[in-house]
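K.L.:
To be precise about what I am sending: the file is called protein.tsv and holds TSV, C-alpha atoms and all ligand atoms.
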```tsv
chain	number	residue	atom	x	y	z
Q	1212	MET	CA	0.00	0.00	0.00
Q	1213	ALA	CA	1.27	3.48	-0.74
Q	1214	ASP	CA	2.64	5.36	2.21
Q	1215	ALA	CA	0.46	8.46	2.66
Q	1216	SER	CA	3.54	10.49	3.60
Q	1217	SER	CA	5.45	9.61	0.41
Q	1218	PRO	CA	5.13	11.94	-2.57
Q	1219	GLN	CA	2.14	11.02	-4.69
Q	1220	PRO	CA	2.58	10.78	-8.43
Q	1221	SER	CA	1.15	14.00	-9.80
Q	1222	SER	CA	-0.87	14.07	-13.01
Q	1223	PRO	CA	1.39	14.67	-16.03
Q	1224	GLN	CA	2.12	18.35	-16.41
Q	1225	PRO	CA	2.23	19.87	-19.86
Q	1226	VAL	CA	5.87	20.32	-20.77
Q	1227	ALA	CA	6.95	23.16	-23.03
Q	1228	PRO	CA	8.95	21.96	-26.00
Q	1229	SER	CA	12.46	23.32	-25.99
Q	1230	ASP	CA	13.20	22.67	-29.66
Q	1231	ASP	CA	11.88	24.07	-32.89
Q	1232	GLN	CA	11.31	20.67	-34.44
Q	1233	HIS	CA	7.61	20.81	-33.77
Q	1234	ALA	CA	5.11	23.14	-35.37
Q	1235	PHE	CA	2.56	22.16	-32.73
Q	1236	VAL	CA	2.84	20.48	-29.38
Q	1237	VAL	CA	-0.52	19.76	-27.75
Q	1238	ARG	CA	-0.77	18.47	-24.19
Q	1239	GLN	CA	-3.87	17.29	-22.38
Q	1240	LEU	CA	-6.09	19.58	-24.42
Q	1241	GLY	CA	-9.73	19.26	-23.48
Q	1242	LYS	CA	-13.13	20.83	-24.00
Q	1243	GLN	CA	-16.57	19.91	-22.79
Q	1244	PHE	CA	-19.90	21.38	-23.93
Q	1245	GLY	CA	-22.40	20.67	-21.16
Q	1246	PRO	CA	-22.29	16.90	-20.65
Q	1247	LYS	CA	-20.58	16.30	-24.01
Q	1248	ILE	CA	-16.79	15.81	-23.91
Q	1249	ALA	CA	-15.83	17.10	-27.34
Q	1250	VAL	CA	-12.05	16.77	-26.89
Q	1251	ASN	CA	-10.82	14.47	-24.16
Q	1252	GLY	CA	-7.38	15.66	-23.06
Q	1253	ILE	CA	-5.48	14.94	-26.26
Q	1254	ASP	CA	-1.72	15.03	-26.91
Q	1255	LEU	CA	-0.31	15.71	-30.36
Q	1256	ASP	CA	3.20	16.32	-31.69
Q	1257	ILE	CA	3.11	17.82	-35.14
Q	1258	PRO	CA	6.57	17.96	-36.73
Q	1259	ALA	CA	7.63	21.21	-38.38
Q	1260	GLY	CA	7.55	20.85	-42.14
Q	1261	SER	CA	4.97	18.07	-42.11
Q	1262	PHE	CA	1.74	17.76	-44.04
Q	1263	TYR	CA	-0.44	16.54	-41.21
Q	1264	GLY	CA	-3.93	15.10	-41.59
Q	1265	LEU	CA	-6.50	15.05	-38.81
Q	1266	VAL	CA	-9.16	12.50	-39.64
Q	1267	GLY	CA	-12.18	11.28	-37.76
Q	1268	PRO	CA	-15.89	10.67	-38.12
Q	1269	ASN	CA	-18.49	13.44	-37.84
Q	1270	GLY	CA	-18.52	14.89	-34.36
Q	1271	ALA	CA	-15.10	13.40	-33.46
Q	1272	GLY	CA	-13.78	16.69	-32.12
Q	1273	LYS	CA	-11.55	17.81	-35.01
Q	1274	THR	CA	-12.98	21.31	-35.37
Q	1275	THR	CA	-13.04	21.81	-31.60
Q	1276	ALA	CA	-9.40	20.69	-31.33
Q	1277	MET	CA	-8.28	22.89	-34.23
Q	1278	SER	CA	-10.16	25.89	-32.82
Q	1279	MET	CA	-8.40	25.50	-29.48
Q	1280	MET	CA	-5.03	25.02	-31.19
Q	1281	THR	CA	-5.42	28.24	-33.17
Q	1282	GLY	CA	-6.63	30.50	-30.37
Q	1283	LEU	CA	-10.25	30.64	-31.49
Q	1284	LEU	CA	-11.82	28.60	-28.68
Q	1285	ARG	CA	-10.56	28.63	-25.10
Q	1286	PRO	CA	-9.73	25.13	-23.81
Q	1287	ASP	CA	-11.10	23.90	-20.49
Q	1288	HIS	CA	-7.67	22.45	-19.80
Q	1289	GLY	CA	-4.36	21.65	-21.46
Q	1290	LYS	CA	-1.81	23.61	-23.38
Q	1291	VAL	CA	-0.79	24.24	-26.97
Q	1292	TRP	CA	2.50	25.53	-28.34
Q	1293	VAL	CA	3.00	26.64	-31.91
Q	1294	HIS	CA	6.70	26.77	-32.76
Q	1295	GLY	CA	7.38	27.01	-29.03
Q	1296	ILE	CA	4.92	29.90	-28.43
Q	1297	GLU	CA	2.18	29.06	-25.97
Q	1298	VAL	CA	-1.00	29.89	-27.86
Q	1299	TRP	CA	-3.17	30.94	-24.94
Q	1300	GLU	CA	-0.37	32.80	-23.14
Q	1301	GLN	CA	0.81	34.76	-26.16
Q	1302	PRO	CA	-2.11	34.73	-28.59
Q	1303	GLY	CA	-0.86	37.70	-30.64
Q	1304	ALA	CA	2.56	36.19	-31.28
Q	1305	ALA	CA	1.04	32.77	-31.96
Q	1306	LYS	CA	-1.54	34.12	-34.42
Q	1307	ARG	CA	1.09	36.04	-36.34
Q	1308	ILE	CA	2.73	32.81	-37.47
Q	1309	MET	CA	-0.49	30.96	-38.26
Q	1310	GLY	CA	-2.87	31.02	-41.19
Q	1311	VAL	CA	-6.25	29.57	-40.33
Q	1312	LEU	CA	-9.15	28.34	-42.41
Q	1313	ALA	CA	-11.78	27.87	-39.75
Q	1314	ASP	CA	-15.03	25.99	-40.14
Q	1315	GLY	CA	-18.20	27.94	-39.54
Q	1316	VAL	CA	-16.52	31.23	-38.63
Q	1317	ARG	CA	-18.20	34.14	-40.38
Q	1318	LEU	CA	-16.18	36.08	-42.89
Q	1319	PHE	CA	-16.57	39.77	-43.64
Q	1320	ASP	CA	-18.81	38.65	-46.45
Q	1321	ARG	CA	-20.14	42.04	-47.54
Q	1322	LEU	CA	-16.66	42.69	-48.91
Q	1323	SER	CA	-15.81	41.51	-52.40
Q	1324	GLY	CA	-13.41	38.57	-52.66
Q	1325	GLU	CA	-10.60	40.91	-53.63
Q	1326	GLN	CA	-11.35	43.27	-50.75
Q	1327	LEU	CA	-11.47	40.40	-48.26
Q	1328	VAL	CA	-8.03	39.09	-49.23
Q	1329	THR	CA	-6.63	42.63	-49.35
Q	1330	TYR	CA	-8.10	43.39	-45.94
Q	1331	SER	CA	-6.50	40.24	-44.47
Q	1332	GLY	CA	-3.10	41.35	-45.71
Q	1333	LEU	CA	-3.48	44.93	-44.49
Q	1334	LEU	CA	-4.69	43.72	-41.08
Q	1335	ARG	CA	-1.46	41.75	-40.84
Q	1336	GLY	CA	0.45	45.00	-41.33
Q	1337	MET	CA	1.70	44.14	-44.79
Q	1338	ASP	CA	2.80	46.69	-47.34
Q	1339	ARG	CA	-0.07	47.77	-49.62
Q	1340	GLU	CA	1.74	47.03	-52.89
Q	1341	LEU	CA	2.81	43.60	-51.74
Q	1342	VAL	CA	-0.76	42.89	-50.67
Q	1343	ALA	CA	-2.06	43.92	-54.11
Q	1344	GLU	CA	0.49	41.73	-55.86
Q	1345	ARG	CA	-0.21	38.66	-53.73
Q	1346	THR	CA	-3.99	39.20	-53.91
Q	1347	ARG	CA	-3.75	39.11	-57.71
Q	1348	ASP	CA	-1.75	35.87	-57.59
Q	1349	LEU	CA	-4.08	34.25	-55.07
Q	1350	LEU	CA	-7.22	35.16	-57.03
Q	1351	ARG	CA	-5.63	33.72	-60.17
Q	1352	VAL	CA	-4.59	30.38	-58.67
Q	1353	MET	CA	-7.95	30.02	-56.93
Q	1354	ASP	CA	-9.67	30.69	-60.28
Q	1355	LEU	CA	-11.60	33.60	-58.77
Q	1356	ASN	CA	-10.50	36.40	-61.10
Q	1357	GLU	CA	-13.89	36.74	-62.72
Q	1358	ASP	CA	-15.65	36.94	-59.36
Q	1359	ALA	CA	-13.08	39.12	-57.61
Q	1360	GLY	CA	-15.48	42.10	-57.46
Q	1361	LYS	CA	-18.50	40.13	-56.27
Q	1362	PRO	CA	-19.51	40.22	-52.58
Q	1363	VAL	CA	-18.40	37.07	-50.77
Q	1364	VAL	CA	-21.95	36.62	-49.46
Q	1365	ASP	CA	-22.93	35.78	-53.06
Q	1366	TYR	CA	-20.15	33.20	-53.50
Q	1367	SER	CA	-20.89	29.47	-53.70
Q	1368	ALA	CA	-19.69	27.22	-50.86
Q	1369	GLY	CA	-16.59	26.19	-52.81
Q	1370	MET	CA	-15.76	29.76	-53.84
Q	1371	THR	CA	-16.12	30.87	-50.21
Q	1372	LYS	CA	-13.74	28.13	-49.12
Q	1373	LYS	CA	-11.19	29.23	-51.71
Q	1374	ILE	CA	-11.34	32.93	-50.85
Q	1375	ALA	CA	-11.02	32.14	-47.13
Q	1376	LEU	CA	-8.01	29.98	-47.93
Q	1377	ALA	CA	-6.46	32.82	-49.93
Q	1378	ALA	CA	-7.02	35.17	-46.97
Q	1379	ALA	CA	-5.29	32.65	-44.66
Q	1380	MET	CA	-2.20	32.46	-46.87
Q	1381	ILE	CA	-1.45	36.04	-47.82
Q	1382	HIS	CA	0.99	36.74	-44.97
Q	1383	VAL	CA	3.00	33.54	-45.62
Q	1384	PRO	CA	2.49	32.00	-42.18
Q	1385	LYS	CA	4.84	29.34	-40.79
Q	1386	VAL	CA	1.87	27.07	-40.17
Q	1387	LEU	CA	-1.42	26.65	-42.04
Q	1388	VAL	CA	-4.32	25.10	-40.13
Q	1389	LEU	CA	-7.11	24.23	-42.53
Q	1390	ASP	CA	-10.43	22.76	-41.51
Q	1391	GLU	CA	-11.83	20.75	-44.43
Q	1392	PRO	CA	-10.10	22.85	-47.12
Q	1393	PHE	CA	-11.37	20.74	-50.01
Q	1394	GLU	CA	-14.98	20.46	-48.96
Q	1395	ALA	CA	-17.22	21.69	-51.81
Q	1396	VAL	CA	-14.19	22.66	-53.93
Q	1397	ASP	CA	-14.20	21.45	-57.54
Q	1398	PRO	CA	-11.52	18.92	-58.61
Q	1399	VAL	CA	-9.48	21.37	-60.72
Q	1400	SER	CA	-9.29	23.95	-57.94
Q	1401	ALA	CA	-8.60	21.19	-55.40
Q	1402	ALA	CA	-5.67	19.95	-57.49
Q	1403	ASN	CA	-4.30	23.52	-57.71
Q	1404	ILE	CA	-4.65	24.01	-53.98
Q	1405	ARG	CA	-2.99	20.66	-53.25
Q	1406	GLN	CA	-0.06	21.59	-55.42
Q	1407	ILE	CA	0.29	24.99	-53.73
Q	1408	LEU	CA	0.19	23.37	-50.30
Q	1409	GLN	CA	2.75	20.75	-51.31
Q	1410	GLN	CA	5.11	23.46	-52.55
Q	1411	TYR	CA	4.57	25.38	-49.32
Q	1412	VAL	CA	5.49	22.27	-47.29
Q	1413	ALA	CA	8.52	21.62	-49.51
Q	1414	SER	CA	9.70	25.15	-48.67
Q	1415	GLY	CA	9.54	24.37	-44.93
Q	1416	GLY	CA	5.97	25.32	-44.00
Q	1417	THR	CA	3.65	23.05	-42.02
Q	1418	VAL	CA	0.09	22.24	-43.10
Q	1419	ILE	CA	-2.53	20.67	-40.85
Q	1420	VAL	CA	-5.73	19.66	-42.60
Q	1421	SER	CA	-8.84	17.97	-41.34
Q	1422	SER	CA	-10.60	15.73	-43.80
Q	1423	HIS	CA	-12.97	12.82	-44.11
Q	1424	VAL	CA	-11.45	11.71	-47.40
Q	1425	MET	CA	-8.97	9.00	-46.43
Q	1426	ASP	CA	-7.68	8.47	-49.93
Q	1427	LEU	CA	-6.80	12.14	-50.21
Q	1428	VAL	CA	-5.08	12.17	-46.82
Q	1429	GLN	CA	-3.12	9.03	-47.70
Q	1430	ARG	CA	-1.89	10.58	-50.94
Q	1431	MET	CA	-1.32	14.11	-49.69
Q	1432	CYS	CA	-0.19	13.90	-46.06
Q	1433	ASP	CA	2.97	12.45	-44.56
Q	1434	HIS	CA	1.55	12.30	-41.01
Q	1435	VAL	CA	-1.91	11.58	-39.70
Q	1436	ALA	CA	-3.88	11.42	-36.46
Q	1437	ILE	CA	-7.12	9.48	-36.23
Q	1438	ILE	CA	-9.54	11.07	-33.76
Q	1439	ALA	CA	-12.82	9.62	-32.55
Q	1440	GLN	CA	-15.05	10.66	-29.67
Q	1441	GLY	CA	-12.56	13.27	-28.58
Q	1442	ASN	CA	-9.60	10.84	-28.32
Q	1443	VAL	CA	-6.55	10.29	-30.50
Q	1444	LEU	CA	-6.73	6.63	-31.51
Q	1445	ALA	CA	-3.54	6.59	-33.56
Q	1446	ALA	CA	-0.95	9.15	-34.66
Q	1447	GLY	CA	2.32	9.08	-36.55
Q	1448	THR	CA	3.54	8.92	-40.10
Q	1449	VAL	CA	0.89	7.75	-42.55
Q	1450	ASP	CA	2.88	4.55	-43.13
Q	1451	GLU	CA	3.16	3.85	-39.38
Q	1452	VAL	CA	-0.54	4.38	-38.82
Q	1453	ARG	CA	-1.80	2.36	-41.77
Q	1454	GLY	CA	0.79	-0.46	-41.70
Q	1455	GLU	CA	0.08	-2.92	-44.49
Q	1456	ARG	CA	-3.47	-1.69	-44.98
Q	1457	SER	CA	-4.96	1.36	-46.61
Q	1458	LEU	CA	-5.66	4.33	-44.34
Q	1459	ASP	CA	-9.34	3.85	-45.09
Q	1460	GLU	CA	-9.26	0.26	-43.77
Q	1461	THR	CA	-7.30	1.33	-40.69
Q	1462	PHE	CA	-9.76	4.13	-40.04
Q	1463	VAL	CA	-12.80	1.86	-40.33
Q	1464	GLU	CA	-11.19	-0.74	-38.09
Q	1465	LEU	CA	-10.16	1.75	-35.40
Q	1466	VAL	CA	-13.29	3.83	-35.45
Q	1467	GLY	CA	-15.64	0.87	-35.82
Q	1468	GLY	CA	-17.41	0.15	-39.04
Q	1469	ASP	CA	-20.10	-2.34	-38.10
Q	1470	GLY	CA	-22.44	-0.74	-40.58
Q	1471	PRO	CA	-26.08	0.00	-40.01
Q	1472	GLY	CA	-27.17	-3.65	-39.62
Q	1473	GLU	CA	-30.34	-4.11	-41.55
Q	1474	GLY	CA	-30.35	-0.43	-42.45
Q	1475	LEU	CA	-33.62	1.11	-43.47
Q	1476	THR	CA	-35.72	-1.90	-44.23
Q	1477	TRP	CA	-38.51	0.40	-45.47
Q	1478	LEU	CA	-36.31	2.19	-48.01
Q	1479	ARG	CA	-36.85	-0.22	-50.84
Q	1480	THR	CA	-38.55	0.28	-54.15
T	1501	LIG	N1	-20.50	25.07	-29.56
T	1501	LIG	C1	-20.88	23.83	-29.27
T	1501	LIG	N2	-21.87	23.60	-28.40
T	1501	LIG	C2	-22.24	22.33	-28.06
T	1501	LIG	N3	-21.68	21.22	-28.59
T	1501	LIG	C3	-20.69	21.39	-29.47
T	1501	LIG	C4	-20.25	22.69	-29.87
T	1501	LIG	N4	-19.23	22.53	-30.77
T	1501	LIG	C5	-19.08	21.20	-30.93
T	1501	LIG	N5	-19.94	20.52	-30.17
T	1501	LIG	C6	-20.05	19.06	-30.05
T	1501	LIG	O1	-18.75	18.55	-29.84
T	1501	LIG	C7	-18.54	17.36	-30.59
T	1501	LIG	C8	-17.34	17.54	-31.51
T	1501	LIG	O2	-17.70	18.46	-32.55
T	1501	LIG	P1	-16.66	18.94	-33.66
T	1501	LIG	O3	-17.35	19.98	-34.48
T	1501	LIG	O4	-15.39	19.30	-33.03
T	1501	LIG	O5	-16.47	17.60	-34.50
T	1501	LIG	P2	-15.78	17.35	-35.92
T	1501	LIG	O6	-14.87	16.19	-35.75
T	1501	LIG	O7	-15.18	18.60	-36.44
T	1501	LIG	O8	-17.02	16.92	-36.81
T	1501	LIG	P3	-17.31	17.08	-38.41
T	1501	LIG	O9	-16.38	16.16	-39.09
T	1501	LIG	O10	-18.73	16.60	-38.51
T	1501	LIG	O11	-17.14	18.51	-38.76
T	1501	LIG	C9	-19.87	17.07	-31.31
T	1501	LIG	O12	-20.61	16.16	-30.55
T	1501	LIG	C10	-20.55	18.42	-31.34
T	1501	LIG	O13	-21.95	18.28	-31.32
```
Hey, can you dump this file as structure tokens for me?
Ligand SMILES: Nc1ncnc2c1ncn2[C@@H]1O[C@H](COP(=O)(O)OP(=O)(O)OP(=O)(O)O)[C@@H](O)[C@H]1O

P.N.:
Amino acid sequence: MADASSPQPSSPQPVAPSDDQHAFVVRQLGKQFGPKIAVNGIDLDIPAGSFYGLVGPNGAGKTTAMSMMTGLLRPDHGKVWVHGIEVWEQPGAAKRIMGVLADGVRLFDRLSGEQLVTYSGLLRGMDRELVAERTRDLLRVMDLNEDAGKPVVDYSAGMTKKIALAAAMIHVPKVLVLDEPFEAVDPVSAANIRQILQQYVASGGTVIVSSHVMDLVQRMCDHVAIIAQGNVLAAGTVDEVRGERSLDETFVELVGGDGPGEGLTWLRT
């Protein structure tokens, strides 16, 4: 029996990373909404220069985790460092080195696409001419030139995703955190965006994407974490996580793919 006078093992304390090898270090990060534990004290180590996929079923806690990692949603507990900067201690410094495509966060959608991207650059304190030059490039690669003058509120879902992505990139952050960047985006634009992100990673940047599309994550990412019910079930390089199987098979096995049983017996024609 443990001696009551001897020191008791304390719960693991978040430890600040002392190196710059990690874009993100996440320790014991948690969030609860009423009775629902959305994120259950997760740990993640995201190497600098990696293309990192966060995958999980609907409601797994991906958006909640990403929001806490990027300073958009205050955690109940735990800590996050981005390139060694503690996000909730130094939010200004942390946000300066991040570009974020958030899910469900309202944009200034009365602005035109061009104005929105320009505004993002100017808010970051960038030089006006540089902003104009990069805005032109971003609108071109996102295939939004023709709609540059249209209010974002009138954009389609895919166009809105692309303009928000452009706004997240204009200041050349060290880390891009993108929640479902390809959702609703057409295949040609998605291929362009993938190529841009791959070049960005090759130049030393880090990309973290959430996605439900396992095939895409397997092809595009070098690291992956599988999240379900607020817990990290597996994390590492894509090859470590999937082993001999496809990522899709690993995902279904880890997350549980019993299927709907008899399904909807009445939905027959
Ligand atoms: N603001 C909120 N209030 C109450 N519950 C919330 C809130 N945000 C998220 N949740 C709940 O937390 C859980 C995790 O949600 P989250 O949006 O993080 O999942 P997700 O993995 O991003 O899902 P999806 O892939 O469907 O976007 C869900 O059960 C969701 O209903």

K.L.:
Output the neighbourhood of ligand LIG 1501 (chain T) as a PDB file with C-alpha atoms, keeping the file's coordinate frame, that is, all protein and nucleic acid residues with some atom at most 6 Å from the ligand, counting only C-alpha atoms and all ligand atoms.

P.N.:
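Writing the result to result_15.pdb gives the following:
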```
ATOM      1  CA  PHE Q1244     -19.900  21.380 -23.930  1.00  0.00           C
ATOM      2  CA  ALA Q1249     -15.830  17.100 -27.340  1.00  0.00           C
ATOM      3  CA  GLY Q1267     -12.180  11.280 -37.760  1.00  0.00           C
ATOM      4  CA  PRO Q1268     -15.890  10.670 -38.120  1.00  0.00           C
ATOM      5  CA  ASN Q1269     -18.490  13.440 -37.840  1.00  0.00           C
ATOM      6  CA  GLY Q1270     -18.520  14.890 -34.360  1.00  0.00           C
ATOM      7  CA  ALA Q1271     -15.100  13.400 -33.460  1.00  0.00           C
ATOM      8  CA  GLY Q1272     -13.780  16.690 -32.120  1.00  0.00           C
ATOM      9  CA  LYS Q1273     -11.550  17.810 -35.010  1.00  0.00           C
ATOM     10  CA  THR Q1274     -12.980  21.310 -35.370  1.00  0.00           C
ATOM     11  CA  THR Q1275     -13.040  21.810 -31.600  1.00  0.00           C
TER      12      THR Q1275
END
```

K.L.:
For the atom pair atom CA of Gly1264 of chain Q and atom CA of Met1380 of chain Q, what is the interatomic distance in Å to one decimal place?

P.N.:
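Calculated distance between atom CA of Gly1264 of chain Q and atom CA of Met1380 of chain Q is 18.2 Å.
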
K.L.:
Identify, on the basis of only C-alpha atoms, every residue whose closest approach to Val1466 of chain Q does not exceed 12 Å; exclude the query and any residue fewer than 5 positions from it along the same chain; express the result as a list in words.

P.N.:
Val1266, Gly1267, Pro1268, Asn1269, Ala1271, Ile1437, Ile1438, Ala1439, Gln1440, Gly1441, Asn1442, Val1443, Leu1444, Ala1445, Leu1458, Asp1459, Glu1460 and Thr1461 of chain Q

K.L.:
Go ahead and compute the interatomic distance for atom CA of Asn1251 of chain Q and atom CA of Met1431 of chain Q, in Å to one decimal.

P.N.:
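About the pair atom CA of Asn1251 of chain Q and atom CA of Met1431 of chain Q: they are 27.2 Å apart.
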
K.L.:
Determine, counting only C-alpha atoms, which protein, DNA and RNA residues have an atom within 12 Å of an atom of Glu1451 of chain Q; residues of the same chain fewer than 2 positions away are not included. Present the result as a list in words.

P.N.:
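Everything that qualifies: Gln1429, Asp1433, His1434, Val1435, Ala1436, Ala1445, Ala1446, Gly1447, Thr1448, Val1449, Arg1453, Gly1454, Glu1455, Arg1456, Ser1457, Leu1458 and Thr1461 of chain Q.
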
K.L.:
I'd like the box whose edges run along x, y and z of the file and which contains every listed atom of segment 1263-1279 of chain Q, padded by 4 Å per side; could you state its centre and edge lengths in Å, one decimal, as lines of an AutoDock Vina configuration file?

P.N.:
```
center_x = -9.5
center_y = 18.3
center_z = -35.5
size_x = 26.1
size_y = 23.2
size_z = 20.1
```

K.L.:
Could you tell me how far atom CA of Lys1290 of chain Q lies from atom CA of Gly1241 of chain Q, in Å and to one decimal?

P.N.:
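Here the two named atoms are 9.0 Å from each other.
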
K.L.:
Measuring atom to atom with all atoms listed in the file, identify which of Q:Glu1344, Q:Glu1325, Q:Glu1464, Q:Glu1300 is nearest to Lys1373 of chain Q.

P.N.:
Q:Glu1325

K.L.:
Quick one: of Q:Gly1295, Q:Gly1360, Q:Gly1289, Q:Gly1252, who's nearest to His1233 of chain Q, counting all atoms listed in the file?

P.N.:
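Using all atoms listed in the file, the shortest distance to His1233 of chain Q belongs to Q:Gly1295.
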
K.L.:
I want to know what sits within 10 Å of Ser1422 of chain Q, based on all atoms listed in the file, with residues of the same chain fewer than 3 positions away left out; could you give that as an NGL selection string?

P.N.:
:Q and (1264-1268 or 1273 or 1389-1394 or 1419 or 1425-1428)

K.L.:
Output C-alpha atoms for every residue in the selection just made, as a PDB file, keeping the file's coordinate frame.

P.N.:
```
ATOM      1  CA  GLY Q1264      -3.930  15.100 -41.590  1.00  0.00           C
ATOM      2  CA  LEU Q1265      -6.500  15.050 -38.810  1.00  0.00           C
ATOM      3  CA  VAL Q1266      -9.160  12.500 -39.640  1.00  0.00           C
ATOM      4  CA  GLY Q1267     -12.180  11.280 -37.760  1.00  0.00           C
ATOM      5  CA  PRO Q1268     -15.890  10.670 -38.120  1.00  0.00           C
ATOM      6  CA  LYS Q1273     -11.550  17.810 -35.010  1.00  0.00           C
ATOM      7  CA  LEU Q1389      -7.110  24.230 -42.530  1.00  0.00           C
ATOM      8  CA  ASP Q1390     -10.430  22.760 -41.510  1.00  0.00           C
ATOM      9  CA  GLU Q1391     -11.830  20.750 -44.430  1.00  0.00           C
ATOM     10  CA  PRO Q1392     -10.100  22.850 -47.120  1.00  0.00           C
ATOM     11  CA  PHE Q1393     -11.370  20.740 -50.010  1.00  0.00           C
ATOM     12  CA  GLU Q1394     -14.980  20.460 -48.960  1.00  0.00           C
ATOM     13  CA  ILE Q1419      -2.530  20.670 -40.850  1.00  0.00           C
ATOM     14  CA  MET Q1425      -8.970   9.000 -46.430  1.00  0.00           C
ATOM     15  CA  ASP Q1426      -7.680   8.470 -49.930  1.00  0.00           C
ATOM     16  CA  LEU Q1427      -6.800  12.140 -50.210  1.00  0.00           C
ATOM     17  CA  VAL Q1428      -5.080  12.170 -46.820  1.00  0.00           C
TER      18      VAL Q1428
END
```

K.L.:
Please determine, counting all atoms listed in the file, which residue among Q:Pro1246, Q:Ala1305, Q:Asp1314, Q:Ser1323 has the shortest atom-to-atom distance to Asp1365 of chain Q.

P.N.:
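Of all the options, Q:Ser1323 lies closest to Asp1365 of chain Q.
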
K.L.:
Which of these residues is nearest to Ile1407 of chain Q, using only C-alpha atoms: Q:Asp1254, Q:Asp1231, Q:Asp1338, Q:Asp1348?

P.N.:
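Looking at the shortest contact to Ile1407 of chain Q, the residue is Q:Asp1348.
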
K.L.:
Please determine, counting all atoms listed in the file, which residue among Q:Gln1243, Q:Ala1259, Q:Leu1350, Q:Val1316 has the shortest atom-to-atom distance to Ile1404 of chain Q.

P.N.:
Q:Leu1350

K.L.:
Neighbourhood query: residues within 12 Å of (-6.2, 33.9, -58.4), file coordinates, counting all atoms listed in the file; return as a count of residues only.

P.N.:
31
